[in-house]
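Okay, my_file26.txt now, which holds compact mmCIF, C-alpha atoms:
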# COMPACT_ATOMS: atom_id res chain seq x y z
CA MET A 27 58.36 120.64 93.22
CA THR A 28 59.36 120.93 96.89
CA ASN A 29 62.83 119.95 98.05
CA ARG A 30 61.34 116.77 99.49
CA GLN A 31 59.81 115.82 96.14
CA LEU A 32 63.04 116.67 94.33
CA PHE A 33 64.96 114.56 96.85
CA PHE A 34 62.95 111.47 95.92
CA ASN A 35 62.88 112.22 92.19
CA ARG A 36 66.39 113.52 91.48
CA LEU A 37 68.70 111.92 94.05
CA ALA A 38 69.74 108.26 94.01
CA GLN A 39 68.11 106.43 96.91
CA THR A 40 70.10 103.90 98.91
CA SER A 41 67.16 102.40 100.81
CA PRO A 42 63.47 101.87 100.02
CA ALA A 43 62.23 104.19 102.78
CA PRO A 44 64.76 106.86 103.86
CA PRO A 45 63.70 109.01 106.85
CA ALA A 46 64.05 112.08 104.60
CA LEU A 47 64.48 114.60 107.40
CA GLU A 48 64.94 118.02 105.82
CA ILE A 49 67.53 119.80 107.95
CA LYS A 50 67.85 123.55 107.56
CA SER A 51 70.64 124.21 110.07
CA ALA A 52 72.88 122.42 112.57
CA LYS A 53 74.91 123.64 115.54
CA GLY A 54 76.61 121.77 118.35
CA ILE A 55 74.70 118.54 118.91
CA TYR A 56 71.41 119.87 117.51
CA LEU A 57 69.80 119.79 114.08
CA ARG A 58 66.86 121.99 113.10
CA SER A 59 64.42 120.97 110.39
CA ALA A 60 62.87 123.13 107.70
CA ASN A 61 59.68 123.35 109.76
CA GLY A 62 61.59 124.44 112.87
CA LYS A 63 61.65 121.15 114.80
CA LYS A 64 64.77 120.63 116.93
CA TYR A 65 66.56 117.27 117.07
CA MET A 66 69.36 116.05 119.32
CA ASP A 67 71.91 114.24 117.13
CA LEU A 68 73.06 111.04 118.82
CA ILE A 69 74.84 109.59 115.77
CA SER A 70 77.05 112.48 114.54
CA GLY A 71 76.36 111.65 110.90
CA ILE A 72 77.77 108.20 111.78
CA SER A 73 80.76 109.32 113.87
CA VAL A 74 81.67 112.32 111.70
CA SER A 75 80.75 115.44 113.70
CA ASN A 76 82.91 114.67 116.74
CA VAL A 77 83.52 118.35 117.54
CA GLY A 78 79.89 119.26 116.89
CA HIS A 79 78.11 120.81 113.95
CA ALA A 80 79.29 124.25 112.81
CA ASN A 81 82.21 124.19 115.21
CA PRO A 82 83.38 127.84 115.29
CA LYS A 83 87.11 127.04 115.10
CA VAL A 84 86.60 124.73 112.14
CA THR A 85 84.36 127.24 110.36
CA ALA A 86 86.83 130.09 110.90
CA ALA A 87 89.71 127.99 109.54
CA ILE A 88 87.79 127.18 106.36
CA LYS A 89 86.88 130.84 105.77
CA LYS A 90 90.48 131.93 106.32
CA GLN A 91 91.81 129.33 103.88
CA LEU A 92 89.25 130.37 101.25
CA ASP A 93 90.84 133.81 101.17
CA LYS A 94 94.16 132.17 100.20
CA HIS A 95 93.04 129.47 97.75
CA SER A 96 90.70 126.52 97.57
CA TYR A 97 91.93 123.85 95.20
CA LEU A 98 95.47 123.22 94.03
CA MET A 99 96.87 120.08 92.45
CA VAL A 100 97.13 118.18 95.68
CA TYR A 101 99.28 115.30 94.42
CA GLY A 102 101.94 116.59 92.11
CA GLU A 103 104.78 119.02 92.45
CA TYR A 104 103.15 121.55 94.77
CA VAL A 105 103.79 121.98 98.47
CA VAL A 106 100.27 122.48 99.87
CA ALA A 107 100.73 124.12 103.28
CA PRO A 108 97.58 122.74 105.01
CA GLN A 109 98.56 119.21 104.00
CA VAL A 110 102.06 119.63 105.34
CA GLU A 111 100.80 121.12 108.60
CA TYR A 112 98.24 118.38 109.21
CA ALA A 113 100.66 115.57 108.36
CA ASN A 114 103.27 117.02 110.70
CA LEU A 115 100.69 117.42 113.49
CA LEU A 116 99.55 113.81 113.11
CA VAL A 117 103.05 112.38 113.11
CA LYS A 118 103.86 114.20 116.37
CA TYR A 119 101.17 112.19 118.15
CA LEU A 120 101.55 108.84 116.38
CA PRO A 121 104.06 106.03 117.07
CA LYS A 122 107.42 106.40 115.32
CA LYS A 123 106.71 103.92 112.55
CA LEU A 124 103.52 105.74 111.51
CA ASN A 125 105.39 108.70 110.09
CA ASN A 126 104.18 109.09 106.49
CA VAL A 127 100.69 110.28 105.55
CA TYR A 128 98.78 109.79 102.31
CA PHE A 129 95.66 112.00 102.28
CA VAL A 130 92.55 110.80 100.46
CA ASN A 131 88.86 111.74 100.49
CA THR A 132 86.98 108.98 102.32
CA GLY A 133 87.34 105.91 104.48
CA SER A 134 86.71 103.61 101.53
CA GLU A 135 89.53 105.29 99.61
CA ALA A 136 91.85 105.00 102.61
CA VAL A 137 91.14 101.28 102.71
CA GLU A 138 91.70 100.93 98.96
CA GLY A 139 95.06 102.66 99.27
CA ALA A 140 96.06 100.58 102.28
CA LEU A 141 95.27 97.29 100.53
CA LYS A 142 97.24 98.32 97.45
CA LEU A 143 100.15 99.46 99.60
CA ALA A 144 100.29 96.16 101.52
CA LYS A 145 100.31 94.11 98.32
CA ARG A 146 102.93 96.35 96.73
CA TYR A 147 105.27 96.32 99.75
CA THR A 148 105.05 92.62 100.59
CA GLY A 149 104.82 91.29 97.03
CA ARG A 150 102.07 88.99 98.31
CA THR A 151 98.42 88.78 97.29
CA GLU A 152 96.32 87.23 100.07
CA ILE A 153 94.20 89.60 102.17
CA ILE A 154 92.57 88.45 105.41
CA PHE A 155 89.51 90.17 106.84
CA PHE A 156 86.87 89.46 109.49
CA LYS A 157 83.29 88.30 109.67
CA ASN A 158 80.88 91.26 110.08
CA ALA A 159 83.63 93.75 109.22
CA TYR A 160 82.73 96.95 107.40
CA HIS A 161 85.40 98.87 105.47
CA GLY A 162 83.41 100.79 102.86
CA SER A 163 81.43 100.23 99.67
CA THR A 164 83.94 100.57 96.83
CA HIS A 165 84.99 97.44 94.98
CA GLY A 166 88.10 96.58 96.96
CA ALA A 167 86.57 97.61 100.30
CA LEU A 168 83.48 95.54 99.50
CA SER A 169 85.74 92.54 98.89
CA VAL A 170 86.84 92.66 102.54
CA MET A 171 83.36 93.31 103.94
CA GLY A 172 82.39 90.50 106.30
CA ASN A 173 78.74 90.20 105.25
CA GLU A 174 77.77 88.11 102.27
CA ALA A 175 74.28 89.60 101.90
CA MET A 176 75.83 93.00 101.10
CA LYS A 177 78.29 91.72 98.52
CA GLN A 178 76.89 88.65 96.76
CA VAL A 179 75.10 90.55 93.96
CA PHE A 180 78.34 92.40 93.09
CA ARG A 181 80.53 89.33 92.64
CA PRO A 182 83.08 88.57 91.30
CA LEU A 183 85.14 90.73 93.65
CA LEU A 184 88.85 90.70 94.54
CA PRO A 185 90.42 87.24 94.40
CA ASP A 186 92.61 85.73 97.11
CA VAL A 187 90.74 87.08 100.11
CA ARG A 188 90.02 85.04 103.24
CA GLN A 189 87.53 85.64 106.04
CA ILE A 190 88.16 84.67 109.67
CA GLU A 191 86.21 85.30 112.87
CA PHE A 192 86.85 88.28 115.13
CA ASN A 193 88.12 87.20 118.59
CA ASN A 194 88.77 83.62 117.43
CA GLU A 195 92.39 83.14 118.43
CA LYS A 196 92.67 79.68 116.88
CA GLN A 197 91.87 81.05 113.41
CA LEU A 198 94.90 83.34 113.56
CA GLU A 199 96.80 80.28 112.33
CA GLN A 200 95.28 80.99 108.90
CA ILE A 201 97.59 84.02 108.63
CA THR A 202 100.64 82.66 106.81
CA LYS A 203 103.73 83.76 104.92
CA ARG A 204 101.65 84.21 101.78
CA THR A 205 99.39 86.77 103.51
CA ALA A 206 100.01 90.35 102.38
CA CYS A 207 97.90 91.95 105.10
CA VAL A 208 95.21 91.57 107.71
CA ILE A 209 92.65 94.37 107.85
CA ILE A 210 90.64 94.82 111.03
CA GLU A 211 88.57 97.34 112.96
CA PRO A 212 90.04 97.38 116.49
CA ILE A 213 86.42 97.62 117.65
CA GLN A 214 83.91 96.24 115.17
CA GLY A 215 81.46 99.05 114.43
CA GLU A 216 78.69 97.85 112.13
CA ALA A 217 78.68 94.46 113.86
CA GLY A 218 77.18 96.34 116.81
CA VAL A 219 80.27 97.53 118.75
CA ILE A 220 82.11 94.26 119.37
CA LEU A 221 85.22 94.71 121.53
CA PRO A 222 88.39 92.62 121.35
CA THR A 223 88.45 89.97 124.06
CA GLU A 224 90.71 89.99 127.08
CA ASP A 225 91.20 86.45 128.42
CA VAL A 226 91.33 86.07 132.21
CA LYS A 227 94.67 84.29 131.80
CA TRP A 228 96.17 87.34 130.10
CA PRO A 229 98.53 89.12 130.18
CA ARG A 230 100.68 86.13 129.51
CA ALA A 231 104.39 85.70 129.99
CA ASP A 232 105.08 86.96 126.46
CA GLY A 233 103.24 90.20 127.27
CA LYS A 234 100.72 89.62 124.49
CA GLY A 235 97.38 90.03 126.21
CA ASN A 236 94.22 91.03 124.35
CA TYR A 237 93.11 89.58 121.02
CA LEU A 238 94.62 92.44 119.03
CA GLN A 239 98.00 91.82 120.65
CA ARG A 240 97.81 88.15 119.70
CA LEU A 241 96.96 89.23 116.15
CA ARG A 242 99.93 91.62 116.11
CA LYS A 243 102.22 88.78 117.21
CA ARG A 244 100.97 86.48 114.46
CA CYS A 245 101.48 89.17 111.81
CA ASP A 246 105.03 89.72 113.05
CA GLU A 247 105.71 85.98 112.81
CA THR A 248 104.51 85.75 109.21
CA GLY A 249 105.56 89.14 107.83
CA ALA A 250 101.97 90.14 107.05
CA LEU A 251 101.17 93.84 107.44
CA LEU A 252 98.51 94.74 110.00
CA ILE A 253 96.00 97.38 108.87
CA PHE A 254 93.79 99.08 111.45
CA ASP A 255 90.63 100.65 110.09
CA GLU A 256 89.99 103.45 112.61
CA VAL A 257 87.58 105.35 110.39
CA GLN A 258 84.90 105.11 113.10
CA THR A 259 87.00 104.59 116.23
CA GLY A 260 89.56 107.36 115.62
CA MET A 261 89.52 111.01 116.64
CA GLY A 262 88.61 110.51 120.29
CA ARG A 263 85.50 108.41 119.80
CA THR A 264 86.53 105.62 122.20
CA GLY A 265 88.14 107.68 124.96
CA GLU A 266 91.62 107.64 123.42
CA MET A 267 92.68 109.65 120.40
CA PHE A 268 92.92 106.32 118.55
CA ALA A 269 91.62 102.94 119.72
CA PHE A 270 94.98 101.24 119.12
CA GLU A 271 96.37 103.27 122.03
CA LYS A 272 93.96 101.60 124.44
CA TYR A 273 94.86 98.10 123.27
CA LYS A 274 98.63 98.75 123.16
CA VAL A 275 98.98 97.62 119.54
CA VAL A 276 100.61 99.62 116.76
CA PRO A 277 99.45 98.73 113.24
CA ASP A 278 101.65 98.85 110.16
CA ILE A 279 99.05 100.91 108.31
CA LEU A 280 96.42 103.14 109.93
CA CYS A 281 93.25 104.20 108.07
CA LEU A 282 91.40 107.36 109.14
CA ALA A 283 88.39 109.31 107.82
CA LYS A 284 84.93 110.45 109.04
CA ALA A 285 85.71 112.85 111.98
CA PHE A 286 89.27 113.18 110.70
CA GLY A 287 88.16 116.03 108.42
CA GLY A 288 86.17 117.98 110.99
CA GLY A 289 83.02 117.55 108.91
CA MET A 290 84.78 118.00 105.57
CA PRO A 291 85.64 115.10 103.21
CA LEU A 292 89.05 113.80 104.26
CA GLY A 293 90.70 110.47 104.89
CA ALA A 294 94.22 109.11 105.14
CA PHE A 295 96.25 105.94 105.23
CA ILE A 296 99.41 106.23 107.26
CA ALA A 297 102.48 104.00 107.35
CA SER A 298 106.26 104.21 107.62
CA LYS A 299 108.16 106.16 104.99
CA GLU A 300 109.87 102.91 103.97
CA VAL A 301 106.57 101.17 103.29
CA MET A 302 104.85 104.19 101.72
CA SER A 303 107.73 104.92 99.35
CA THR A 304 106.92 101.79 97.34
CA LEU A 305 103.98 103.67 95.77
CA SER A 306 106.34 106.20 94.16
CA HIS A 307 108.08 103.89 91.68
CA ASN A 308 107.56 100.80 89.54
CA PRO A 309 105.12 102.23 88.57
CA VAL A 310 105.46 105.91 89.19
CA LEU A 311 102.19 107.32 90.59
CA GLY A 312 101.30 103.95 92.13
CA HIS A 313 98.37 105.62 93.86
CA ILE A 314 96.96 109.03 92.95
CA THR A 315 93.94 111.12 93.91
CA THR A 316 92.55 114.37 92.52
CA PHE A 317 90.97 115.85 95.63
CA GLY A 318 92.58 113.91 98.50
CA GLY A 319 94.02 116.32 101.03
CA HIS A 320 92.00 119.26 99.75
CA PRO A 321 93.24 122.45 101.52
CA LEU A 322 89.80 123.28 102.95
CA SER A 323 89.44 119.77 104.33
CA CYS A 324 92.92 119.81 105.83
CA VAL A 325 92.48 123.11 107.71
CA ALA A 326 89.14 121.85 109.03
CA GLY A 327 90.79 118.60 110.10
CA ILE A 328 93.64 120.41 111.85
CA GLU A 329 91.24 122.38 114.04
CA ALA A 330 89.12 119.31 114.76
CA PHE A 331 92.21 117.30 115.70
CA LYS A 332 93.44 120.02 118.05
CA GLU A 333 90.00 120.36 119.62
CA VAL A 334 89.66 116.63 120.27
CA LYS A 335 93.22 116.32 121.52
CA ARG A 336 92.84 119.31 123.81
CA ARG A 337 89.69 118.39 125.69
CA GLN A 338 87.32 115.90 124.09
CA ALA A 339 88.98 112.50 123.83
CA ALA A 340 89.39 111.81 127.55
CA GLY A 341 85.87 113.05 128.29
CA SER A 342 84.39 110.47 125.92
CA ARG A 343 85.16 107.70 128.39
CA GLN A 344 83.26 109.25 131.29
CA LYS A 345 80.34 110.28 129.08
CA GLY A 346 80.08 106.78 127.68
CA GLU A 347 79.94 105.33 131.18
CA LEU A 348 77.11 107.73 132.04
CA PHE A 349 75.08 106.46 129.07
CA LYS A 350 75.65 102.87 130.27
CA LYS A 351 74.63 103.76 133.81
CA LEU A 352 71.40 105.47 132.76
CA LEU A 353 70.24 103.12 130.00
CA VAL A 354 68.79 100.42 132.20
CA HIS A 355 65.46 98.87 131.26
CA PRO A 356 63.98 95.32 131.25
CA ARG A 357 63.74 95.43 127.44
CA ILE A 358 67.43 96.34 127.04
CA LYS A 359 69.41 93.10 126.81
CA GLU A 360 72.88 94.65 126.92
CA VAL A 361 74.71 97.95 126.51
CA ARG A 362 78.12 97.53 124.86
CA GLY A 363 80.63 100.17 124.07
CA GLU A 364 83.88 102.01 124.48
CA GLY A 365 83.72 105.75 125.08
CA LEU A 366 80.98 107.30 122.94
CA LEU A 367 80.65 104.37 120.56
CA ILE A 368 77.74 102.47 122.10
CA ALA A 369 75.29 99.73 121.10
CA VAL A 370 72.02 99.26 123.00
CA GLN A 371 70.91 95.70 122.34
CA PHE A 372 67.23 94.79 122.02
CA ALA A 373 65.57 91.43 121.40
CA SER A 374 64.72 92.01 117.74
CA GLU A 375 65.23 94.25 114.74
CA GLU A 376 61.50 95.07 114.68
CA GLU A 377 61.51 96.24 118.31
CA ASN A 378 64.66 98.30 117.87
CA LYS A 379 63.43 100.07 114.73
CA ARG A 380 60.09 100.89 116.38
CA ILE A 381 61.94 102.50 119.29
CA ILE A 382 64.28 104.40 116.94
CA SER A 383 61.27 105.76 115.01
CA ARG A 384 59.59 106.86 118.23
CA CYS A 385 62.82 108.57 119.37
CA VAL A 386 62.97 110.56 116.12
CA GLU A 387 59.36 111.63 116.66
CA LYS A 388 60.42 112.86 120.11
CA GLY A 389 63.42 114.77 118.74
CA ILE A 390 66.22 112.24 119.40
CA ILE A 391 68.09 110.89 116.37
CA THR A 392 69.55 107.41 116.82
CA ASP A 393 70.13 104.61 114.33
CA TRP A 394 70.75 100.88 113.96
CA PHE A 395 73.86 99.00 112.89
CA LEU A 396 74.34 97.63 109.40
CA PHE A 397 75.10 94.07 110.54
CA ASN A 398 73.16 94.16 113.80
CA ALA A 399 69.79 95.79 113.20
CA SER A 400 68.53 94.76 116.65
CA ALA A 401 70.98 97.16 118.34
CA MET A 402 70.56 100.94 118.64
CA ARG A 403 73.54 103.10 117.72
CA ILE A 404 74.58 105.88 120.11
CA ALA A 405 77.57 107.91 118.91
CA PRO A 406 76.92 111.60 119.65
CA PRO A 407 79.31 114.50 119.12
CA LEU A 408 81.99 114.35 121.81
CA ILE A 409 80.93 117.80 123.03
CA ILE A 410 77.64 116.45 124.43
CA THR A 411 77.18 117.46 128.09
CA GLU A 412 76.12 115.33 131.06
CA LYS A 413 72.86 117.28 131.20
CA GLU A 414 72.17 116.49 127.55
CA ILE A 415 73.05 112.82 128.08
CA LYS A 416 70.54 112.59 130.94
CA LYS A 417 67.85 114.24 128.83
CA ALA A 418 68.54 111.91 125.88
CA CYS A 419 68.39 108.81 128.09
CA GLU A 420 65.11 109.94 129.65
CA VAL A 421 63.54 110.25 126.20
CA ILE A 422 64.93 106.89 125.03
CA LEU A 423 63.58 105.12 128.13
CA ARG A 424 60.15 106.74 127.68
CA CYS A 425 60.10 105.61 124.05
CA ILE A 426 60.92 102.05 125.15
CA ASP A 427 58.01 102.17 127.62
CA GLN A 428 55.66 103.36 124.90
For this file, write the structure as structure tokens.
Amino acid sequence: MTNRQLFFNRLAQTSPAPPALEIKSAKGIYLRSANGKKYMDLISGISVSNVGHANPKVTAAIKKQLDKHSYLMVYGEYVVAPQVEYANLLVKYLPKKLNNVYFVNTGSEAVEGALKLAKRYTGRTEIIFFKNAYHGSTHGALSVMGNEAMKQVFRPLLPDVRQIEFNNEKQLEQITKRTACVIIEPIQGEAGVILPTEDVKWPRADGKGNYLQRLRKRCDETGALLIFDEVQTGMGRTGEMFAFEKYKVVPDILCLAKAFGGGMPLGAFIASKEVMSTLSHNPVLGHITTFGGHPLSCVAGIEAFKEVKRRQAAGSRQKGELFKKLLVHPRIKEVRGEGLLIAVQFASEEENKRIISRCVEKGIITDWFLFNASAMRIAPPLIITEKEIKKACEVILRCIDQ
């Protein structure tokens, strides 16, 4: 059988009709299929390949580490140098209270660890999440997903969870002294890039301006821990290294993954040493992972972090504005976004998916959003050039016309 036939017969399918592109190689922002067709990647494997495919610095770091060792027992008694180096690098650029790093494999696992940590530290059980939030597909992460259609067939899920609406300030009153934590994406991704609101009356006298700042204030009042899921928004995607920097809010726990590993499987949840230390006793090994912080993933992540910090994060803002400037068409209802996390809103799911299919035919890979299928996702590698942006927009606009 061909690889395509084996793909459908031997691999678990997650949708009835996957696009099944067979990619032979990838470099920079381009993918090349088995039959030689070239595609421009405008989704980065869903915000993973921020420094581009086959980034030479990342590749060199992995090869160098392979000559030393690949796997060691990553959580035990060993000092794994790439872990130590990456944790130290992160802490240098994070606020003082985010000074202790727990490496995991994925965003879902980072969320699982963060939820456990919040319950362990506070001694409370209630978890608050948001409508149309996406935090992963594992059991705990699914429990705080804000879309009932995705979770109803898997119930019962975690007890004592409560959903509120993003940007609804009045509902912040539902955060109380029995709330262990509030988990939120600073910019809602799968909802179709929904930004936190900034009221015209803000900043107020108390200095708490945007919605996330009001949320931070309410968590402080009640003792609930604030978890930011920056799996999609981190690593320069929004024009800052992390989205919380733009909104002037420091979470108690920060979750990272996707681009965090430079294309390798890596995630982390990060908190203060005081908070994180509660996982080390009563019980011992309160959270463990076999492959989290794998040396190859950590060296790849280090190079990706340095690359983004050095020259990519700030450029995301200007490149995102160029997309917004060029994507003007009567059929486009709205273009939302921050940096290179952009949603192009159409009137219907059917129209959007037709345009996406036509774009793929023309060599431009875009996608839709899980909870907003009428919006087109644009989240290219941060290394995309202005010339490439103009070319991509020309093709998208032609596909809309057709």
(message) What's the separation between atom CA of Leu251 of chain A and atom CA of Leu198 of chain A, in Å to one decimal place?
(response) 13.7 Å
(message) Given only C-alpha atoms as the basis, pick out the residue of A:Lys203, A:Leu120, A:Ile154, A:Gly215 nearest to Glu271 of chain A.
(response)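 The answer is A:Leu120, which sits nearest to Glu271 of chain A.
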(request) Using all atoms listed in the file, determine which residues lie at most 7 Å from segment 395-397 of chain A, disregarding the query and same-chain residues fewer than 3 positions distant; provide the list as a list in words. (result) Asn158, Glu216, Ala217, Gly218, Ala401, Met402 and Arg403 of chain A
Using C-alpha atoms, can you write the selected residues to a file as a PDB file, keeping the file's coordinate frame?
ATOM      1  CA  ASN A 158      80.880  91.260 110.080  1.00  0.00           C
ATOM      2  CA  GLU A 216      78.690  97.850 112.130  1.00  0.00           C
ATOM      3  CA  ALA A 217      78.680  94.460 113.860  1.00  0.00           C
ATOM      4  CA  GLY A 218      77.180  96.340 116.810  1.00  0.00           C
ATOM      5  CA  ALA A 401      70.980  97.160 118.340  1.00  0.00           C
ATOM      6  CA  MET A 402      70.560 100.940 118.640  1.00  0.00           C
ATOM      7  CA  ARG A 403      73.540 103.100 117.720  1.00  0.00           C
TER       8      ARG A 403
END
(request) Rank A:Asp427, A:Arg244, A:Arg357, A:Gly288 by their smallest atom-to-atom distance to Pro82 of chain A, using only C-alpha atoms, and report the top residue only. (result) A:Gly288
(request) Name the residues in contact with segment 237-239 of chain A at a cut-off of 9 Å, using all atoms listed in the file, excluding same-chain residues fewer than 4 positions from it; report them as a list in words. (result) Phe192, Asn193, Asn194, Glu195, Pro212, Pro222, Thr223, Glu224, Asp225, Gly233, Lys243, Arg244, Phe270, Tyr273, Lys274 and Val275 of chain A
(message) My list of candidates is A:Thr411, A:Thr164, A:Asn236, A:Gln31. Which is closest to Ala136 of chain A when distances are computed with all atoms listed in the file?
(response) A:Thr164
(message) Would you pick out the contacts of Thr205 of chain A at 7 Å or less, using all atoms listed in the file, so that residues sharing its chain but fewer than 6 positions from it are not included, and give the list as a VMD selection string?
(response) chain A and resid 150 to 153 250
For the residues selected in the previous step, produce a file with C-alpha atoms as a PDB file, keeping the file's coordinate frame.
ATOM      1  CA  ARG A 150     102.070  88.990  98.310  1.00  0.00           C
ATOM      2  CA  THR A 151      98.420  88.780  97.290  1.00  0.00           C
ATOM      3  CA  GLU A 152      96.320  87.230 100.070  1.00  0.00           C
ATOM      4  CA  ILE A 153      94.200  89.600 102.170  1.00  0.00           C
ATOM      5  CA  ALA A 250     101.970  90.140 107.050  1.00  0.00           C
TER       6      ALA A 250
END
(message) Would you compute the distance between atom CA of Pro42 of chain A and atom CA of Cys419 of chain A? Give it in Å to one decimal.
(response)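 These two atoms are separated by 29.3 Å.
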(request) For Lys123 of chain A, work out the shell of residues within 9 Å, counting only C-alpha atoms and skipping chain neighbours fewer than 4 positions away, then give it as a PyMOL selection string. (result) chain A and resi 276-278+297-299
(request) Show which residues sit within 12 Å of Ser303 of chain A, as a ChimeraX atom specification. Count only C-alpha atoms, and ignore same-chain residues fewer than 5 positions away. (result) /A:125-128,143-144,146-147,296-298,308-313
Return as lines of an AutoDock Vina configuration file the centre and edge lengths, in Å with one decimal, of the box along x, y and z that encloses every atom of segment 136-150 of chain A in the file, padded by 3 Å per side.
center_x = 98.2
center_y = 97.0
center_z = 99.7
size_x = 20.1
size_y = 22.0
size_z = 12.0
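Across the structure, atom CA of Gln214 of chain A and atom CA of Gly71 of chain A are spaced 17.7 Å apart.
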(request) For each of A:Val301, A:Val354, A:Ala330, A:Ile49, take the minimum atom-to-atom distance to Leu124 of chain A, counting only C-alpha atoms, then give the residue where this is smallest. (result)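 Result for the nearest residue to Leu124 of chain A: A:Val301.
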(message) Nearest residue to Glu414 of chain A out of A:Phe34, A:Phe372, A:Phe156, A:Phe349, using only C-alpha atoms?
(response)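 Smallest distance to Glu414 of chain A is found for A:Phe349.
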If I only have part of segment 308-321 of chain A, can you fill in N, CA and C atoms and write it as a tab-separated table (two decimals), in the coordinates of the input?
chain	number	residue	atom	x	y	z
A	308	ASN	N	107.86	102.15	90.05
A	308	ASN	CA	107.56	100.80	89.54
A	308	ASN	C	106.15	100.34	89.87
A	309	PRO	N	105.09	101.05	89.44
A	309	PRO	CA	105.12	102.23	88.57
A	309	PRO	C	105.16	103.54	89.34
A	310	VAL	N	105.60	104.56	88.65
A	310	VAL	CA	105.46	105.91	89.19
A	310	VAL	C	103.96	106.19	89.34
A	311	LEU	N	103.60	107.00	90.32
A	311	LEU	CA	102.19	107.32	90.59
A	311	LEU	C	101.39	106.06	90.88
A	312	GLY	N	101.95	105.22	91.78
A	312	GLY	CA	101.30	103.95	92.13
A	312	GLY	C	99.94	104.14	92.77
A	313	HIS	N	99.71	105.29	93.36
A	313	HIS	CA	98.37	105.62	93.86
A	313	HIS	C	98.22	107.13	93.76
A	314	ILE	N	97.17	107.59	93.10
A	314	ILE	CA	96.96	109.03	92.95
A	314	ILE	C	95.52	109.38	93.25
A	315	THR	N	95.28	110.64	93.58
A	315	THR	CA	93.94	111.12	93.91
A	315	THR	C	93.84	112.59	93.50
A	316	THR	N	92.71	112.99	92.96
A	316	THR	CA	92.55	114.37	92.52
A	316	THR	C	92.29	115.31	93.69
A	317	PHE	N	91.39	114.93	94.57
A	317	PHE	CA	90.97	115.85	95.63
A	317	PHE	C	91.44	115.45	97.02
A	318	GLY	N	92.13	114.34	97.18
A	318	GLY	CA	92.58	113.91	98.50
A	318	GLY	C	93.50	114.93	99.13
A	319	GLY	N	93.22	115.29	100.38
A	319	GLY	CA	94.02	116.32	101.03
A	319	GLY	C	93.69	117.71	100.56
A	320	HIS	N	92.44	117.93	100.18
A	320	HIS	CA	92.00	119.26	99.75
A	320	HIS	C	92.32	120.28	100.85
A	321	PRO	N	92.85	121.46	100.50
A	321	PRO	CA	93.24	122.45	101.52
A	321	PRO	C	92.12	122.80	102.51
